[in-house]
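J.: I am sharing model.tsv, which consists of TSV, C-alpha atoms and all ligand atoms:
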chain	number	residue	atom	x	y	z
A	1	MET	CA	27.65	31.26	5.27
A	2	ASN	CA	25.33	28.60	6.56
A	3	ALA	CA	26.04	25.03	5.40
A	4	PHE	CA	23.89	22.06	6.29
A	5	TYR	CA	22.80	18.61	5.19
A	6	ARG	CA	19.18	18.16	4.21
A	7	ALA	CA	17.24	14.90	4.00
A	8	THR	CA	13.79	14.71	2.43
A	9	VAL	CA	12.18	11.41	3.34
A	10	PRO	CA	8.72	10.26	2.25
A	11	SER	CA	6.15	8.49	4.35
A	12	ASN	CA	5.15	4.95	3.39
A	13	ILE	CA	1.91	2.99	3.48
A	14	ALA	CA	2.11	-0.65	4.52
A	15	PHE	CA	0.30	-3.17	2.33
A	16	LEU	CA	1.33	-5.99	4.71
A	17	LYS	CA	1.46	-4.50	8.19
A	18	TYR	CA	4.23	-4.64	10.76
A	19	TRP	CA	2.11	-5.48	13.79
A	20	GLY	CA	3.78	-6.91	16.89
A	21	LYS	CA	7.43	-7.18	17.88
A	22	ARG	CA	9.21	-10.42	18.63
A	23	ASP	CA	11.81	-8.47	20.61
A	24	ALA	CA	11.08	-4.85	21.45
A	25	SER	CA	14.59	-3.91	22.61
A	26	LEU	CA	16.10	-5.15	19.33
A	27	GLN	CA	13.15	-3.88	17.29
A	28	TRP	CA	12.62	-7.34	15.82
A	29	PRO	CA	9.20	-7.56	14.17
A	30	ALA	CA	6.83	-10.49	14.59
A	31	ASN	CA	6.35	-10.73	10.83
A	32	ASP	CA	7.57	-9.59	7.43
A	33	SER	CA	5.97	-6.39	6.13
A	34	LEU	CA	5.64	-4.83	2.68
A	35	SER	CA	5.02	-1.17	1.91
A	36	MET	CA	4.80	1.40	-0.83
A	37	THR	CA	7.00	4.44	-0.37
A	38	LEU	CA	5.07	7.62	-1.10
A	39	ASN	CA	6.21	10.58	-3.14
A	40	ALA	CA	4.79	13.90	-1.96
A	41	LEU	CA	4.09	13.42	1.76
A	42	THR	CA	7.52	13.99	3.23
A	43	THR	CA	9.52	15.14	6.22
A	44	GLU	CA	12.38	17.53	5.49
A	45	THR	CA	15.15	17.56	8.08
A	46	SER	CA	18.31	19.65	8.06
A	47	ALA	CA	21.30	19.01	10.29
A	48	LYS	CA	24.59	20.71	11.01
A	49	ARG	CA	27.29	20.27	13.61
A	50	ILE	CA	27.43	22.83	16.40
A	51	ASP	CA	29.73	23.56	19.34
A	52	GLY	CA	27.76	23.05	22.49
A	53	PRO	CA	26.83	20.56	25.17
A	54	ASP	CA	23.66	19.22	23.53
A	55	HIS	CA	21.63	19.10	20.34
A	56	ILE	CA	19.25	21.87	19.39
A	57	PHE	CA	16.04	20.39	17.97
A	58	LYS	CA	13.61	22.60	16.07
A	59	PHE	CA	10.23	21.54	14.68
A	60	GLU	CA	8.69	24.02	12.27
A	61	GLY	CA	11.00	26.73	13.56
A	62	GLU	CA	10.30	26.20	17.26
A	63	ILE	CA	12.94	24.79	19.63
A	64	HIS	CA	11.87	21.69	21.54
A	65	PRO	CA	14.06	20.87	24.56
A	66	ARG	CA	15.16	17.41	25.64
A	67	ASN	CA	12.26	17.01	28.06
A	68	SER	CA	9.67	17.63	25.31
A	69	ARG	CA	7.17	14.76	25.31
A	70	LEU	CA	6.41	15.12	21.60
A	71	PHE	CA	10.04	14.76	20.53
A	72	ALA	CA	11.32	12.31	23.16
A	73	LYS	CA	11.62	9.65	20.44
A	74	ALA	CA	13.77	11.96	18.33
A	75	TYR	CA	16.22	12.72	21.17
A	76	LYS	CA	16.35	9.05	22.10
A	77	HIS	CA	17.18	8.19	18.50
A	78	LEU	CA	19.94	10.83	18.32
A	79	ASP	CA	21.42	9.42	21.54
A	80	ARG	CA	21.29	5.92	20.05
A	81	LEU	CA	23.04	7.02	16.84
A	82	ALA	CA	25.63	8.94	18.86
A	83	GLN	CA	26.79	5.66	20.39
A	84	LEU	CA	28.26	4.62	17.03
A	85	PRO	CA	32.06	4.84	17.26
A	86	GLU	CA	32.32	7.13	14.18
A	87	ILE	CA	30.05	9.77	15.74
A	88	GLU	CA	30.84	12.70	17.98
A	89	GLY	CA	29.43	16.09	18.91
A	90	ALA	CA	26.17	17.99	19.01
A	91	LEU	CA	23.89	18.84	16.08
A	92	GLU	CA	21.37	21.50	15.27
A	93	ILE	CA	18.37	19.78	13.75
A	94	SER	CA	15.58	21.56	11.99
A	95	THR	CA	12.61	19.52	10.83
A	96	ALA	CA	9.16	19.95	9.28
A	97	ASN	CA	6.51	17.79	7.64
A	98	ASN	CA	4.80	18.96	4.48
A	99	PHE	CA	1.51	17.46	5.67
A	100	PRO	CA	-0.40	18.92	8.62
A	101	LEU	CA	0.53	17.33	11.96
A	102	GLY	CA	-3.15	17.01	12.81
A	103	ALA	CA	-3.97	15.18	9.56
A	104	GLY	CA	-3.64	11.77	11.10
A	105	MET	CA	-0.78	10.78	8.82
A	106	ALA	CA	1.81	8.77	10.68
A	107	SER	CA	4.83	11.04	10.75
A	108	SER	CA	7.13	8.59	12.51
A	109	ALA	CA	8.19	6.75	9.32
A	110	SER	CA	9.22	9.87	7.41
A	111	GLY	CA	10.29	11.74	10.58
A	112	LEU	CA	12.64	9.14	12.03
A	113	GLY	CA	13.85	8.25	8.53
A	114	ALA	CA	14.77	11.88	7.80
A	115	LEU	CA	16.36	12.34	11.22
A	116	THR	CA	18.58	9.27	10.73
A	117	LEU	CA	19.70	10.36	7.28
A	118	ALA	CA	20.29	14.05	8.02
A	119	ALA	CA	22.03	13.42	11.35
A	120	LEU	CA	24.42	10.79	9.95
A	121	ALA	CA	25.18	12.93	6.87
A	122	ALA	CA	26.05	15.88	9.13
A	123	TRP	CA	28.09	13.87	11.64
A	124	LEU	CA	30.04	12.07	8.91
A	125	GLU	CA	30.13	15.10	6.57
A	126	CYS	CA	28.68	13.10	3.69
A	127	PRO	CA	26.76	15.09	1.06
A	128	ASP	CA	25.22	12.08	-0.71
A	129	PHE	CA	24.38	8.39	-0.45
A	130	GLU	CA	27.58	7.36	-2.25
A	131	SER	CA	29.84	9.03	0.30
A	132	LEU	CA	27.78	7.59	3.17
A	133	ALA	CA	28.29	4.12	1.65
A	134	ARG	CA	32.04	4.77	1.34
A	135	ARG	CA	32.12	5.67	5.05
A	136	GLY	CA	30.52	2.31	5.88
A	137	PHE	CA	26.86	3.40	5.82
A	138	PRO	CA	25.29	1.86	2.70
A	139	ARG	CA	21.52	2.19	2.29
A	140	PRO	CA	20.63	-1.16	3.99
A	141	ARG	CA	22.58	-0.07	7.08
A	142	LEU	CA	20.87	3.34	7.09
A	143	ALA	CA	17.48	1.58	6.87
A	144	ASN	CA	18.48	-0.72	9.69
A	145	LEU	CA	19.42	2.25	11.88
A	146	ALA	CA	16.23	4.15	10.97
A	147	ARG	CA	14.04	1.21	12.02
A	148	LEU	CA	15.53	1.42	15.52
A	149	GLY	CA	13.86	4.84	15.80
A	150	SER	CA	10.52	3.61	14.43
A	151	GLY	CA	10.08	0.26	12.69
A	152	SER	CA	8.23	1.61	9.67
A	153	ALA	CA	10.93	4.31	9.16
A	154	GLY	CA	13.38	1.72	7.87
A	155	ARG	CA	11.17	1.03	4.86
A	156	SER	CA	11.06	4.75	3.95
A	157	LEU	CA	14.81	4.72	3.25
A	158	PHE	CA	14.09	3.01	-0.09
A	159	GLY	CA	11.79	4.04	-2.93
A	160	GLY	CA	9.18	1.88	-4.66
A	161	TYR	CA	7.84	-1.23	-2.96
A	162	VAL	CA	9.86	-2.28	0.07
A	163	CYS	CA	9.98	-5.46	2.11
A	164	TRP	CA	11.16	-5.69	5.72
A	165	ARG	CA	12.02	-9.34	6.30
A	166	ALA	CA	11.98	-10.42	9.93
A	167	GLY	CA	14.54	-13.23	9.46
A	168	GLU	CA	15.24	-16.17	11.74
A	169	LYS	CA	16.98	-14.10	14.41
A	170	PRO	CA	17.07	-10.37	15.22
A	171	GLU	CA	20.43	-9.82	13.48
A	172	ALA	CA	19.13	-11.54	10.33
A	173	GLN	CA	16.35	-9.04	9.64
A	174	THR	CA	16.73	-7.04	6.43
A	175	ILE	CA	14.98	-4.19	4.66
A	176	VAL	CA	15.14	-4.63	0.91
A	177	PRO	CA	13.62	-2.96	-2.12
A	178	ALA	CA	11.17	-5.49	-3.60
A	179	PHE	CA	10.18	-3.57	-6.77
A	180	PRO	CA	11.15	-0.13	-8.11
A	181	ALA	CA	8.50	2.62	-8.29
A	182	ALA	CA	8.43	2.23	-12.09
A	183	GLN	CA	7.08	-1.30	-11.71
A	184	TRP	CA	3.59	0.03	-11.02
A	185	GLY	CA	2.48	3.66	-10.63
A	186	LEU	CA	-0.07	3.08	-7.90
A	187	ARG	CA	-1.73	6.04	-6.22
A	188	ASP	CA	-2.76	6.50	-2.59
A	189	SER	CA	-5.48	9.00	-1.68
A	190	VAL	CA	-6.20	9.40	2.02
A	191	ILE	CA	-9.55	10.50	3.42
A	192	VAL	CA	-8.95	12.02	6.83
A	193	PHE	CA	-11.60	11.36	9.48
A	194	ALA	CA	-9.59	12.39	12.54
A	195	GLY	CA	-6.24	13.73	13.64
A	196	ASN	CA	-3.53	12.17	15.70
A	197	GLU	CA	-5.55	11.31	18.81
A	198	LYS	CA	-4.79	7.63	18.22
A	199	GLY	CA	-5.97	6.27	21.55
A	200	ILE	CA	-2.95	4.05	21.98
A	201	SER	CA	0.48	4.44	20.43
A	202	SER	CA	1.76	1.96	17.87
A	203	SER	CA	4.34	0.80	20.49
A	204	GLU	CA	1.51	-0.15	22.86
A	205	ALA	CA	-0.34	-1.87	20.03
A	206	HIS	CA	2.76	-3.87	19.04
A	207	GLU	CA	2.95	-5.10	22.63
A	208	GLN	CA	-0.77	-5.86	23.03
A	209	ALA	CA	-1.09	-7.71	19.68
A	210	TRP	CA	0.32	-10.91	21.23
A	211	SER	CA	-2.64	-11.17	23.61
A	212	SER	CA	-5.19	-11.46	20.79
A	213	PRO	CA	-6.47	-14.96	19.99
A	214	LEU	CA	-6.29	-13.89	16.33
A	215	PHE	CA	-2.57	-13.14	16.42
A	216	ALA	CA	-1.16	-16.67	16.06
A	217	PRO	CA	-3.38	-17.53	13.06
A	218	ARG	CA	-2.46	-14.17	11.54
A	219	LEU	CA	1.26	-14.91	11.80
A	220	ALA	CA	0.74	-18.36	10.25
A	221	GLY	CA	-0.87	-16.79	7.17
A	222	ILE	CA	1.69	-14.04	6.57
A	223	PRO	CA	4.14	-15.89	4.23
A	224	GLU	CA	1.35	-16.85	1.86
A	225	ARG	CA	-0.14	-13.34	1.89
A	226	LEU	CA	3.27	-11.76	1.24
A	227	GLU	CA	3.89	-14.07	-1.69
A	228	ALA	CA	0.45	-13.29	-3.15
A	229	MET	CA	1.00	-9.52	-2.75
A	230	GLU	CA	4.39	-9.75	-4.44
A	231	LYS	CA	2.84	-11.72	-7.29
A	232	ALA	CA	0.11	-9.07	-7.65
A	233	ILE	CA	2.69	-6.25	-7.85
A	234	GLN	CA	4.77	-8.28	-10.29
A	235	ARG	CA	1.70	-8.69	-12.54
A	236	ARG	CA	0.29	-5.21	-11.83
A	237	ASP	CA	-2.97	-6.88	-10.94
A	238	LEU	CA	-5.15	-4.66	-8.72
A	239	HIS	CA	-7.96	-7.22	-8.59
A	240	LEU	CA	-5.48	-9.59	-6.97
A	241	LEU	CA	-3.79	-7.00	-4.72
A	242	GLY	CA	-6.93	-5.10	-3.63
A	243	PRO	CA	-8.75	-7.85	-1.70
A	244	LEU	CA	-5.44	-8.80	-0.03
A	245	LEU	CA	-4.95	-5.18	1.11
A	246	GLU	CA	-8.41	-5.09	2.65
A	247	VAL	CA	-8.24	-8.42	4.44
A	248	GLU	CA	-4.80	-7.48	5.79
A	249	ALA	CA	-5.96	-4.09	7.12
A	250	LEU	CA	-9.11	-5.56	8.69
A	251	GLU	CA	-7.11	-8.38	10.26
A	252	MET	CA	-4.65	-5.92	11.78
A	253	HIS	CA	-7.56	-3.99	13.28
A	254	ALA	CA	-9.29	-7.20	14.41
A	255	VAL	CA	-6.10	-8.20	16.24
A	256	ILE	CA	-5.94	-4.99	18.23
A	257	MET	CA	-9.70	-4.95	18.86
A	258	THR	CA	-9.48	-8.46	20.36
A	259	ALA	CA	-6.26	-7.87	22.32
A	260	LYS	CA	-6.10	-7.24	26.06
A	261	PRO	CA	-7.03	-4.57	26.97
A	262	GLY	CA	-7.62	-3.93	23.26
A	263	HIS	CA	-8.45	-0.84	21.28
A	264	CYS	CA	-10.55	0.20	18.29
A	265	TYR	CA	-8.85	2.74	16.02
A	266	LEU	CA	-11.77	2.84	13.58
A	267	ASN	CA	-14.60	5.27	14.13
A	268	GLU	CA	-18.16	5.34	12.81
A	269	GLN	CA	-17.11	7.24	9.72
A	270	SER	CA	-14.39	4.73	8.85
A	271	LEU	CA	-16.90	1.87	9.08
A	272	ALA	CA	-19.56	3.68	7.04
A	273	PHE	CA	-16.93	4.56	4.47
A	274	ILE	CA	-15.76	0.95	4.07
A	275	SER	CA	-19.32	-0.21	3.34
A	276	ALA	CA	-19.98	2.64	0.90
A	277	LEU	CA	-16.68	2.00	-0.91
A	278	ARG	CA	-17.46	-1.68	-1.31
A	279	ASP	CA	-20.95	-0.88	-2.63
A	280	ALA	CA	-19.58	1.65	-5.11
A	281	ARG	CA	-17.00	-0.88	-6.27
A	282	ARG	CA	-19.66	-3.55	-6.74
A	283	GLN	CA	-21.64	-1.08	-8.84
A	284	ARG	CA	-18.43	-0.49	-10.85
A	285	LYS	CA	-18.48	3.24	-10.04
A	286	ILE	CA	-14.91	3.22	-8.69
A	287	GLN	CA	-11.87	0.96	-8.70
A	288	ALA	CA	-10.06	1.52	-5.43
A	289	TYR	CA	-9.25	-0.66	-2.43
A	290	PHE	CA	-8.65	0.44	1.13
A	291	THR	CA	-5.93	-0.04	3.67
A	292	ILE	CA	-5.82	1.54	7.13
A	293	ASP	CA	-2.97	2.20	9.57
A	294	ALA	CA	-3.23	2.76	13.32
A	295	GLY	CA	-5.98	5.37	13.06
A	296	PRO	CA	-9.43	5.92	11.54
A	297	ASN	CA	-8.29	7.38	8.19
A	298	ILE	CA	-8.69	5.39	5.02
A	299	HIS	CA	-5.99	5.02	2.36
A	300	LEU	CA	-7.41	4.34	-1.09
A	301	ILE	CA	-5.02	2.44	-3.31
A	302	HIS	CA	-5.81	2.74	-7.02
A	303	GLU	CA	-4.39	3.12	-10.49
A	304	GLU	CA	-3.93	6.41	-12.32
A	305	GLU	CA	-6.82	5.65	-14.71
A	306	ALA	CA	-9.24	5.34	-11.79
A	307	HIS	CA	-8.23	8.59	-10.06
A	308	GLN	CA	-10.72	11.02	-11.63
A	309	ALA	CA	-13.73	8.79	-10.99
A	310	LEU	CA	-12.59	8.26	-7.40
A	311	LEU	CA	-12.20	12.03	-6.87
A	312	SER	CA	-15.70	12.77	-8.19
A	313	TRP	CA	-17.17	9.99	-6.04
A	314	LEU	CA	-15.39	11.34	-2.94
A	315	GLU	CA	-16.46	14.91	-3.64
A	316	THR	CA	-20.09	13.89	-4.19
A	317	HIS	CA	-20.54	11.39	-1.39
A	318	TRP	CA	-17.91	12.42	1.22
A	319	PRO	CA	-17.71	16.22	1.03
A	320	GLY	CA	-15.96	18.30	3.66
A	321	HIS	CA	-13.17	15.87	4.54
A	322	LEU	CA	-9.49	16.60	4.13
A	323	LEU	CA	-8.07	14.55	1.26
A	324	LEU	CA	-4.37	13.90	0.72
A	325	HIS	CA	-3.28	12.62	-2.69
A	326	ASP	CA	-0.05	10.81	-3.31
A	327	LYS	CA	1.53	7.99	-5.33
A	328	VAL	CA	4.46	5.62	-5.23
A	329	GLY	CA	7.77	7.51	-5.11
A	330	GLU	CA	11.48	7.11	-5.68
A	331	GLY	CA	12.56	7.39	-2.05
A	332	PRO	CA	14.63	9.84	-0.06
A	333	LEU	CA	16.77	12.71	-1.19
A	334	LEU	CA	19.98	13.89	0.47
A	335	GLU	CA	21.54	17.27	-0.26
A	336	TYR	CA	24.37	19.46	0.99
A	337	LEU	CA	23.43	23.12	0.90
A	338	ARG	CA	25.40	26.33	1.37
A	339	VAL	CA	23.31	29.44	1.69
B	1	LIG	O1	6.67	2.17	13.00
B	1	LIG	P1	5.63	2.04	14.06
B	1	LIG	O2	6.17	1.46	15.33
B	1	LIG	O3	4.88	3.33	14.27
B	1	LIG	O4	4.54	0.95	13.57
B	1	LIG	C1	3.85	1.09	12.36
B	1	LIG	C2	2.62	0.28	12.38
B	1	LIG	C3	1.73	0.42	11.16
B	1	LIG	O5	1.88	1.71	10.57
B	1	LIG	C4	0.29	0.29	11.61
B	1	LIG	C5	1.98	-0.65	10.12
B	1	LIG	C6	3.21	-0.50	9.27
B	1	LIG	O6	3.76	-1.55	8.89
B	1	LIG	O7	3.60	0.62	8.93
Written as structure tokens, how would this file's structure read?
Ligand code: PMV

T.:
Amino acid sequence: MNAFYRATVPSNIAFLKYWGKRDASLQWPANDSLSMTLNALTTETSAKRIDGPDHIFKFEGEIHPRNSRLFAKAYKHLDRLAQLPEIEGALEISTANNFPLGAGMASSASGLGALTLAALAAWLECPDFESLARRGFPRPRLANLARLGSGSAGRSLFGGYVCWRAGEKPEAQTIVPAFPAAQWGLRDSVIVFAGNEKGISSSEAHEQAWSSPLFAPRLAGIPERLEAMEKAIQRRDLHLLGPLLEVEALEMHAVIMTAKPGHCYLNEQSLAFISALRDARRQRKIQAYFTIDAGPNIHLIHEEEAHQALLSWLETHWPGHLLLHDKVGEGPLLEYLRV
């Protein structure tokens, strides 16, 4: 019999972006961020204890050794978790995303989130969140450990709308659910313009952000923007949220474009798309607003009622591009399976 612990962790899309670290070694962000946890775009990671000198790490069935460049972050995170006094021994980890690796979706949030959850469940032999909490690992602590692997991963440990508060000092930072998924059933459709050839990694971007002349004014405006976004979610008001999403995404990109040495994640298609979307919205053809992460692909945030019209507009005016459709979700799943 084969018994293992399986974590299914969704990706999340930031409405207010984590951009810049105050302290990289403690993973202390420069500002508060707010995201929507997705539903269908997930990483599934299974873990079980094994006898042996080191972990075995498989991605989509293929073993990746410790010196693998692609999974260095994963091994580093396992080593970090293994320093906890409760933890001992090697694991066999098997992981896969349900979205294509080349689709330009950031897999670090769901990937590092699922790794944290599955690995701790296996090490501590906890089949569910309740038993993890009883062993001293309640959800906020799991989120806090996940964010050490990748900042945005911490937010994926909760469902609905999630806020990562930077706090006054590194130890005071917290990741908290701001609103449940049921508060507002927003959808996110992603138009994919390019794969994962990001140019620079998000870690490099977090470091470079400080050199932009736009970074200090950005930080000064964050509390007000966060409050306005929370108010918009509270009232389910897309006309209030939408423009805030767009200004936030463009500001994040402006910061990295004006940093030293600086980088532009957007490509010609992203820019043409933004203009076309705004025109179509002005003409009342569609009701969707964009946000963009560290890449050229555009996330279209909209309400259920607007989905069909958006789909027809995309199919007519932007044919031939990969589209991923998702919505706000309830958060991760943890299971213990015997097969
Ligand atoms: O978690 P990281 O270090 O890959 O940084 C994520 C950065 C953004 O996705 C661009 C913004 C965010 O808050 O998720």

J.: Let me have all residues with an atom within 8 Å of ligand LIG 1 (chain B), counting only C-alpha atoms and all ligand atoms, laid out as an mmCIF file with C-alpha atoms, in the frame of the given file.

T.:
data_model
loop_
_atom_site.group_PDB
_atom_site.id
_atom_site.type_symbol
_atom_site.label_atom_id
_atom_site.label_comp_id
_atom_site.auth_asym_id
_atom_site.auth_seq_id
_atom_site.Cartn_x
_atom_site.Cartn_y
_atom_site.Cartn_z
ATOM 1 C CA ASN A 12 5.150 4.950 3.390
ATOM 2 C CA ILE A 13 1.910 2.990 3.480
ATOM 3 C CA ALA A 14 2.110 -0.650 4.520
ATOM 4 C CA PHE A 15 0.300 -3.170 2.330
ATOM 5 C CA LEU A 16 1.330 -5.990 4.710
ATOM 6 C CA LYS A 17 1.460 -4.500 8.190
ATOM 7 C CA TYR A 18 4.230 -4.640 10.760
ATOM 8 C CA TRP A 19 2.110 -5.480 13.790
ATOM 9 C CA SER A 33 5.970 -6.390 6.130
ATOM 10 C CA LEU A 34 5.640 -4.830 2.680
ATOM 11 C CA SER A 35 5.020 -1.170 1.910
ATOM 12 C CA ALA A 106 1.810 8.770 10.680
ATOM 13 C CA SER A 108 7.130 8.590 12.510
ATOM 14 C CA ALA A 109 8.190 6.750 9.320
ATOM 15 C CA ARG A 147 14.040 1.210 12.020
ATOM 16 C CA SER A 150 10.520 3.610 14.430
ATOM 17 C CA GLY A 151 10.080 0.260 12.690
ATOM 18 C CA SER A 152 8.230 1.610 9.670
ATOM 19 C CA ALA A 153 10.930 4.310 9.160
ATOM 20 C CA SER A 201 0.480 4.440 20.430
ATOM 21 C CA SER A 202 1.760 1.960 17.870
ATOM 22 C CA SER A 203 4.340 0.800 20.490
ATOM 23 C CA HIS A 206 2.760 -3.870 19.040
ATOM 24 C CA MET A 252 -4.650 -5.920 11.780
ATOM 25 C CA ILE A 292 -5.820 1.540 7.130
ATOM 26 C CA ASP A 293 -2.970 2.200 9.570
ATOM 27 C CA ALA A 294 -3.230 2.760 13.320
#

J.: Compile the contact shell of A:Phe71 as number ranges by chain: residues with an atom at most 12 Å away, counting only C-alpha atoms, same-chain residues fewer than 6 positions apart removed.

T.: A: 56-59, 62-65, 77-78, 93, 95, 107-108, 111-112, 115, 149

J.: Mind writing the picked residues with C-alpha atoms as a JSON list (two decimals), keeping the file's coordinate frame?

T.:
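Listing of again_30.json after writing:
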[["chain", "number", "residue", "atom", "x", "y", "z"],
["A", 56, "ILE", "CA", 19.25, 21.87, 19.39],
["A", 57, "PHE", "CA", 16.04, 20.39, 17.97],
["A", 58, "LYS", "CA", 13.61, 22.60, 16.07],
["A", 59, "PHE", "CA", 10.23, 21.54, 14.68],
["A", 62, "GLU", "CA", 10.30, 26.20, 17.26],
["A", 63, "ILE", "CA", 12.94, 24.79, 19.63],
["A", 64, "HIS", "CA", 11.87, 21.69, 21.54],
["A", 65, "PRO", "CA", 14.06, 20.87, 24.56],
["A", 77, "HIS", "CA", 17.18, 8.19, 18.50],
["A", 78, "LEU", "CA", 19.94, 10.83, 18.32],
["A", 93, "ILE", "CA", 18.37, 19.78, 13.75],
["A", 95, "THR", "CA", 12.61, 19.52, 10.83],
["A", 107, "SER", "CA", 4.83, 11.04, 10.75],
["A", 108, "SER", "CA", 7.13, 8.59, 12.51],
["A", 111, "GLY", "CA", 10.29, 11.74, 10.58],
["A", 112, "LEU", "CA", 12.64, 9.14, 12.03],
["A", 115, "LEU", "CA", 16.36, 12.34, 11.22],
["A", 149, "GLY", "CA", 13.86, 4.84, 15.80]]

J.: Contacts of A:Cys126 at 10 Å or less, counting all atoms listed in the file, minus same-chain residues fewer than 5 places along, as JSON, numbers by chain?

T.: {"A": [5, 118, 120, 121, 131, 132, 133, 134, 135, 334, 335, 336]}

J.: Show which residues sit within 9 Å of A:Ile286, as a list in words. Count only C-alpha atoms, and ignore same-chain residues fewer than 2 positions away.

T.: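 So, after excluding close chain neighbours, the residues are Leu277, Ala280, Arg281, Arg282, Gln283, Arg284, Ala288, Ala306, His307, Ala309, Leu310 and Trp313 of chain A.
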
J.: Quick one: everything within 7 Å of A:His321, counting only C-alpha atoms, minus sequence neighbours fewer than 4 positions away in the same chain. Send it as a list in words.

T.: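 The contact residues come out as Ile191, Val192 and Phe193 of chain A.
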
J.: Could you check which of A:Ser25, A:Asn31, A:Thr37, A:Gln287 is closest to A:Pro180, using only C-alpha atoms?

T.: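 That would be A:Thr37, the residue with the smallest distance to A:Pro180.
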
J.: Quick one: of A:Lys73, A:Arg66, A:Arg6, A:His302, who's nearest to A:Val190, counting all atoms listed in the file?

T.: A:His302

J.: Do you know which residues are at most 10 Å from A:Phe99 counting all atoms listed in the file, after dropping those on the same chain fewer than 6 positions away, and could you put them as a PyMOL selection string?

T.: chain A and resi 40-43+105+107+324

J.: Using only C-alpha atoms, pick whichever of A:Leu244, A:Ala122, A:Leu38, A:Leu250 has the shortest atom-to-atom distance to A:Ala7.

T.: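 Residue with the minimum atom-to-atom distance to A:Ala7: A:Ala122.
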
J.: In Å, rounded to a single decimal, give me how far atom CA of A:Arg338 is from atom CA of A:Asn39.

T.: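 If I compute the distance from atom CA of A:Asn39 to atom CA of A:Arg338, I get 25.2 Å.
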
J.: With only C-alpha atoms as the atoms that count, which of A:Ala119, A:Leu148, A:Ala114, A:Ala254 lies nearest to A:Leu266?

T.: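 Closest to A:Leu266 of all the choices is A:Ala254.
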
J.: At what distance in Å, to one decimal, does atom CA of A:Glu268 lie from atom CA of A:Gly221?

T.: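 Distance between the two atoms: 28.6 Å.
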
J.: Smallest atom-to-atom distance to A:Gly195: which of A:Gly331, A:Pro296, A:Gly320, A:Gly167, using all atoms listed in the file?

T.: A:Pro296

J.: State, in Å with one decimal place, the distance from atom CA of A:His253 to atom CA of A:Leu241.

T.: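 Spanning atom CA of A:His253 to atom CA of A:Leu241 is a straight-line distance of 18.6 Å.
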
J.: Can you work out which one of A:Asp32, A:Ser189, A:Val339, A:Glu227 has the shortest atom-to-atom distance to A:Leu311, counting only C-alpha atoms?

T.: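 Of the candidates, the smallest distance to A:Leu311 is held by A:Ser189.
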